[in-house]
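Novice: If you scroll down you'll find the structure; I have some questions about it.
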Amino acid sequence: MTMNIRPVQTGFVGEVTGIDICQPLSSADVAAIERGMDDYAVLSFPKQPLTDDQQVTFSANFGELEIPLAAQMAAPETRRFQKLELGDISNFAVGSTEVLRARDDKKRMYALANRLWHSDASFRAVGAGYTLLHSRINPSKGGNTEFADMRAAYDALDNATKALVDDMIVEHSIVYSREQIGFTVEGDSADLKPVKHRLVVTHPVTGRKSLYLSSHIGNIVGWLVPEARAFLRDLTEHATQRQFVYSHPWQVNDLVMWDNRTVMHRATRFDDLREKRDLRRTSIKGVGLAVDHVPVAQAAE
């Protein structure tokens, strides 16, 4: 088979065929996928019946796997997977694949913030690079994942706004995103402390600029909080206009891979109290983002 990537709808999403990612990849295959990620930012791999171990093995081709904050904070007996690198993106109650989470389940309420536009792990000093999501069970309606092209969104800004945001430093925290849905995060204060990132980042391979936006942003350094949040809301509305957005309709065994440096994403609503949705997530730790991170000491100068 020969690997092929065809553009899907918007031009920043590619569909990959002609490769079996359940099997070990050659270095040439890995390099071709990475070139595809640079060219597009989101790649979908349809009809890939990966096991959990195969997903972890495939993901590890692209860097060190990240352990999600939710997995770190959860007690061992409440984790669905003991392999911490594997994220549980489902609506199952603890210890079951038949019983769904109750309306007031804390895990459900925490996960509802995934419906906000965000970039994975941007609340860490070095955010996630690639994220990979594999579908096992889908609801009959809804539950798509939407992606917004932050490169195109930056390009479409007027020159005055580009000049304003180019050197802007913003603060990210998991607390900010959960506050927006009225949920209070409890945990180690060190994990919840805001971190500072540039709002505009430059891709280390393509040189293209993009907005590093996320619902985890709660403030702009040097701004009053109300004016900062009003400006960030305007910017997010601009960046998520329909011409910048692709909505992925999940099919069983789809794997979708995206670059958190260049796109935001969100889950869309479905009847999670009655229908099952089961996806598995792996993330690559900080591919390229350390270059764009601004240490707290530097930002305070």
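Identifiers for the structure tokens are assigned positionally: chains receive A, B, ... in sequence, residues are indexed from 1 per chain, and ligands are indexed from 1 in the order shown.
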Write out as a list in words each polymer residue whose atoms come within 9 Å of Thr262 of chain A, counting only C-alpha atoms; drop sequence neighbours fewer than 4 positions from it.
Specialist: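 What passes the distance filter is Ala41, Ala148, Asp149, Met150, Arg151, Val201, His203, Lys209, Ser210, Leu211, Tyr212 and Trp258 of chain A.
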Novice: Take atom CA of Asn159 of chain A and atom CA of Phe231 of chain A and report the distance between them in Å, one decimal.
Specialist: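 Rounded to one decimal, the two atoms are 16.2 Å apart.
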Novice: Per DSSP on the backbone, what are the alpha helix (DSSP H) residues of segment 84-233 of chain A, as a PyMOL selection string?
Specialist: chain A and resi 106-111+150-155+159-165+174-179+189-192+225-233
Novice: How would the residues just chosen look if you wrote them out with C-alpha atoms as a PDB file, in the first residue's frame?
Specialist:
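Contents of the output file out-v6.pdb:
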ATOM      1  CA  LYS A 106     -18.137  15.128  39.300  1.00  0.00           C
ATOM      2  CA  LYS A 107     -16.254  13.491  36.432  1.00  0.00           C
ATOM      3  CA  ARG A 108     -19.133  14.300  34.099  1.00  0.00           C
ATOM      4  CA  MET A 109     -19.251  17.929  35.192  1.00  0.00           C
ATOM      5  CA  TYR A 110     -15.469  18.280  34.866  1.00  0.00           C
ATOM      6  CA  ALA A 111     -15.617  16.825  31.340  1.00  0.00           C
ATOM      7  CA  MET A 150      -5.592  29.062  14.335  1.00  0.00           C
ATOM      8  CA  ARG A 151      -3.187  29.820  11.467  1.00  0.00           C
ATOM      9  CA  ALA A 152      -5.982  30.977   9.179  1.00  0.00           C
ATOM     10  CA  ALA A 153      -7.559  32.862  12.080  1.00  0.00           C
ATOM     11  CA  TYR A 154      -4.303  34.760  12.684  1.00  0.00           C
ATOM     12  CA  ASP A 155      -3.849  35.490   8.987  1.00  0.00           C
ATOM     13  CA  ASN A 159      -2.819  44.621  10.893  1.00  0.00           C
ATOM     14  CA  ALA A 160      -3.654  46.658  14.016  1.00  0.00           C
ATOM     15  CA  THR A 161      -4.866  43.552  15.874  1.00  0.00           C
ATOM     16  CA  LYS A 162      -1.837  41.543  14.744  1.00  0.00           C
ATOM     17  CA  ALA A 163       0.426  44.269  16.151  1.00  0.00           C
ATOM     18  CA  LEU A 164      -1.528  44.174  19.427  1.00  0.00           C
ATOM     19  CA  VAL A 165      -1.376  40.399  19.922  1.00  0.00           C
ATOM     20  CA  ILE A 174      -7.427  24.525  34.252  1.00  0.00           C
ATOM     21  CA  VAL A 175      -9.275  26.521  36.909  1.00  0.00           C
ATOM     22  CA  TYR A 176     -10.301  29.195  34.380  1.00  0.00           C
ATOM     23  CA  SER A 177     -11.921  26.809  31.916  1.00  0.00           C
ATOM     24  CA  ARG A 178     -13.859  24.943  34.625  1.00  0.00           C
ATOM     25  CA  GLU A 179     -15.009  28.206  36.202  1.00  0.00           C
ATOM     26  CA  SER A 189      -2.265  24.066  44.061  1.00  0.00           C
ATOM     27  CA  ALA A 190       0.976  23.570  42.097  1.00  0.00           C
ATOM     28  CA  ASP A 191      -0.989  21.859  39.302  1.00  0.00           C
ATOM     29  CA  LEU A 192      -3.591  24.636  39.265  1.00  0.00           C
ATOM     30  CA  VAL A 225      -9.186  41.025  34.068  1.00  0.00           C
ATOM     31  CA  PRO A 226     -12.568  42.317  32.741  1.00  0.00           C
ATOM     32  CA  GLU A 227     -10.992  43.967  29.678  1.00  0.00           C
ATOM     33  CA  ALA A 228      -8.773  40.950  29.085  1.00  0.00           C
ATOM     34  CA  ARG A 229     -11.638  38.475  29.149  1.00  0.00           C
ATOM     35  CA  ALA A 230     -13.804  40.665  26.907  1.00  0.00           C
ATOM     36  CA  PHE A 231     -10.974  40.916  24.372  1.00  0.00           C
ATOM     37  CA  LEU A 232     -10.258  37.176  24.534  1.00  0.00           C
ATOM     38  CA  ARG A 233     -13.931  36.420  23.942  1.00  0.00           C
TER      39      ARG A 233
END
Novice: Residues within 9 Å of segment 43-46 of chain A, please, as a list in words. Count only C-alpha atoms; anything in the same chain fewer than 3 positions from it doesn't count.
Specialist: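 Answer for this query is Ile5, Phe12, Val13, Gly14, Glu15, Val16, Thr17, Ile19, Ile21, Ile33, Gly36, Met37, Tyr40, His248, Gln251, Val252, Asn253, Asp254, Leu255, Val256, Met257 and Trp258 of chain A.
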Novice: So which residues of segment 8-233 of chain A fall under strand (DSSP E or B) by DSSP, listed as a PDB file with C-alpha atoms, in the first residue's frame?
Specialist:
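Below is the file states-v7.pdb, written as the result:
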ATOM      1  CA  VAL A  13      -7.663  18.624   7.508  1.00  0.00           C
ATOM      2  CA  GLY A  14      -6.286  15.619   5.626  1.00  0.00           C
ATOM      3  CA  GLU A  15      -7.630  12.062   5.397  1.00  0.00           C
ATOM      4  CA  VAL A  16      -4.910   9.399   5.406  1.00  0.00           C
ATOM      5  CA  THR A  17      -5.381   6.139   3.527  1.00  0.00           C
ATOM      6  CA  VAL A  42      -5.417  17.676  11.525  1.00  0.00           C
ATOM      7  CA  LEU A  43      -5.164  14.168  10.049  1.00  0.00           C
ATOM      8  CA  SER A  44      -7.874  11.512  10.147  1.00  0.00           C
ATOM      9  CA  PHE A  45      -7.111   7.805   9.770  1.00  0.00           C
ATOM     10  CA  LEU A  65       3.655  10.526  25.752  1.00  0.00           C
ATOM     11  CA  GLY A  87      -6.950   9.033  28.507  1.00  0.00           C
ATOM     12  CA  ASP A  88     -10.529   7.901  29.101  1.00  0.00           C
ATOM     13  CA  ILE A  89     -12.826  10.023  26.934  1.00  0.00           C
ATOM     14  CA  SER A  90     -16.060   8.240  27.753  1.00  0.00           C
ATOM     15  CA  PHE A  92     -19.015   5.535  31.716  1.00  0.00           C
ATOM     16  CA  LEU A 100     -23.431   5.903  32.414  1.00  0.00           C
ATOM     17  CA  HIS A 118      -9.440  24.729  23.970  1.00  0.00           C
ATOM     18  CA  ALA A 128       0.580  19.180  24.480  1.00  0.00           C
ATOM     19  CA  GLY A 129       2.000  18.813  20.991  1.00  0.00           C
ATOM     20  CA  TYR A 130      -0.018  16.266  19.026  1.00  0.00           C
ATOM     21  CA  THR A 131      -3.198  14.744  20.429  1.00  0.00           C
ATOM     22  CA  LEU A 132      -4.521  11.431  19.070  1.00  0.00           C
ATOM     23  CA  LEU A 133      -8.113  10.335  19.644  1.00  0.00           C
ATOM     24  CA  HIS A 134      -9.472   6.896  18.704  1.00  0.00           C
ATOM     25  CA  SER A 135     -13.172   6.105  18.533  1.00  0.00           C
ATOM     26  CA  ARG A 136     -14.696   2.885  19.910  1.00  0.00           C
ATOM     27  CA  ILE A 137     -18.398   3.733  20.492  1.00  0.00           C
ATOM     28  CA  THR A 145     -15.241  16.902  17.528  1.00  0.00           C
ATOM     29  CA  GLU A 146     -14.743  20.332  15.966  1.00  0.00           C
ATOM     30  CA  PHE A 147     -11.420  21.885  15.019  1.00  0.00           C
ATOM     31  CA  ALA A 148     -10.586  25.533  14.331  1.00  0.00           C
ATOM     32  CA  ASP A 149      -7.551  26.551  12.263  1.00  0.00           C
ATOM     33  CA  ILE A 169       1.457  37.156  27.120  1.00  0.00           C
ATOM     34  CA  VAL A 170      -1.552  35.334  28.587  1.00  0.00           C
ATOM     35  CA  GLU A 171      -2.188  33.172  31.647  1.00  0.00           C
ATOM     36  CA  HIS A 172      -3.592  29.645  31.354  1.00  0.00           C
ATOM     37  CA  VAL A 195       1.243  29.515  33.563  1.00  0.00           C
ATOM     38  CA  LYS A 196       2.215  32.107  30.989  1.00  0.00           C
ATOM     39  CA  HIS A 197       2.382  31.562  27.224  1.00  0.00           C
ATOM     40  CA  ARG A 198       2.629  33.783  24.187  1.00  0.00           C
ATOM     41  CA  VAL A 200       0.931  34.133  19.077  1.00  0.00           C
ATOM     42  CA  VAL A 201       3.267  31.207  18.388  1.00  0.00           C
ATOM     43  CA  THR A 202       5.396  30.370  15.364  1.00  0.00           C
ATOM     44  CA  LYS A 209       2.140  32.156  12.940  1.00  0.00           C
ATOM     45  CA  SER A 210      -0.985  31.016  14.769  1.00  0.00           C
ATOM     46  CA  LEU A 211      -3.088  32.057  17.723  1.00  0.00           C
ATOM     47  CA  ILE A 217      -6.836  31.469  29.356  1.00  0.00           C
ATOM     48  CA  GLY A 218      -8.065  33.701  32.167  1.00  0.00           C
ATOM     49  CA  ASN A 219      -5.999  36.861  31.860  1.00  0.00           C
ATOM     50  CA  ILE A 220      -3.624  38.918  29.731  1.00  0.00           C
TER      51      ILE A 220
END
Novice: Rank nothing, just name the residue among A:Pro7, A:Pro194, A:Trp117, A:Phe123 nearest to Gln180 of chain A, using only C-alpha atoms.
Specialist: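 Checking each of A:Pro7, A:Pro194, A:Trp117, A:Phe123 against Gln180 of chain A, counting only C-alpha atoms, the winner is A:Trp117.
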Novice: Select, from A:Val263, A:Leu199, A:Ala60, A:Ile67, the residue with the minimum atom-to-atom distance to Phe244 of chain A, counting only C-alpha atoms.
Specialist: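 Looking at the shortest contact to Phe244 of chain A, the residue is A:Val263.
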Novice: Tell me which of A:His216, A:Arg274, A:Arg242, A:Arg261 sits closest to Asn114 of chain A, counting only C-alpha atoms.
Specialist: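 Nearest to Asn114 of chain A: A:His216.
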Novice: Suppose you want the space between atom CA of Arg124 of chain A and atom CA of Thr236 of chain A; what is it in Å?
Specialist: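 Atom CA of Thr236 of chain A lies at a distance of 20.2 Å from atom CA of Arg124 of chain A.
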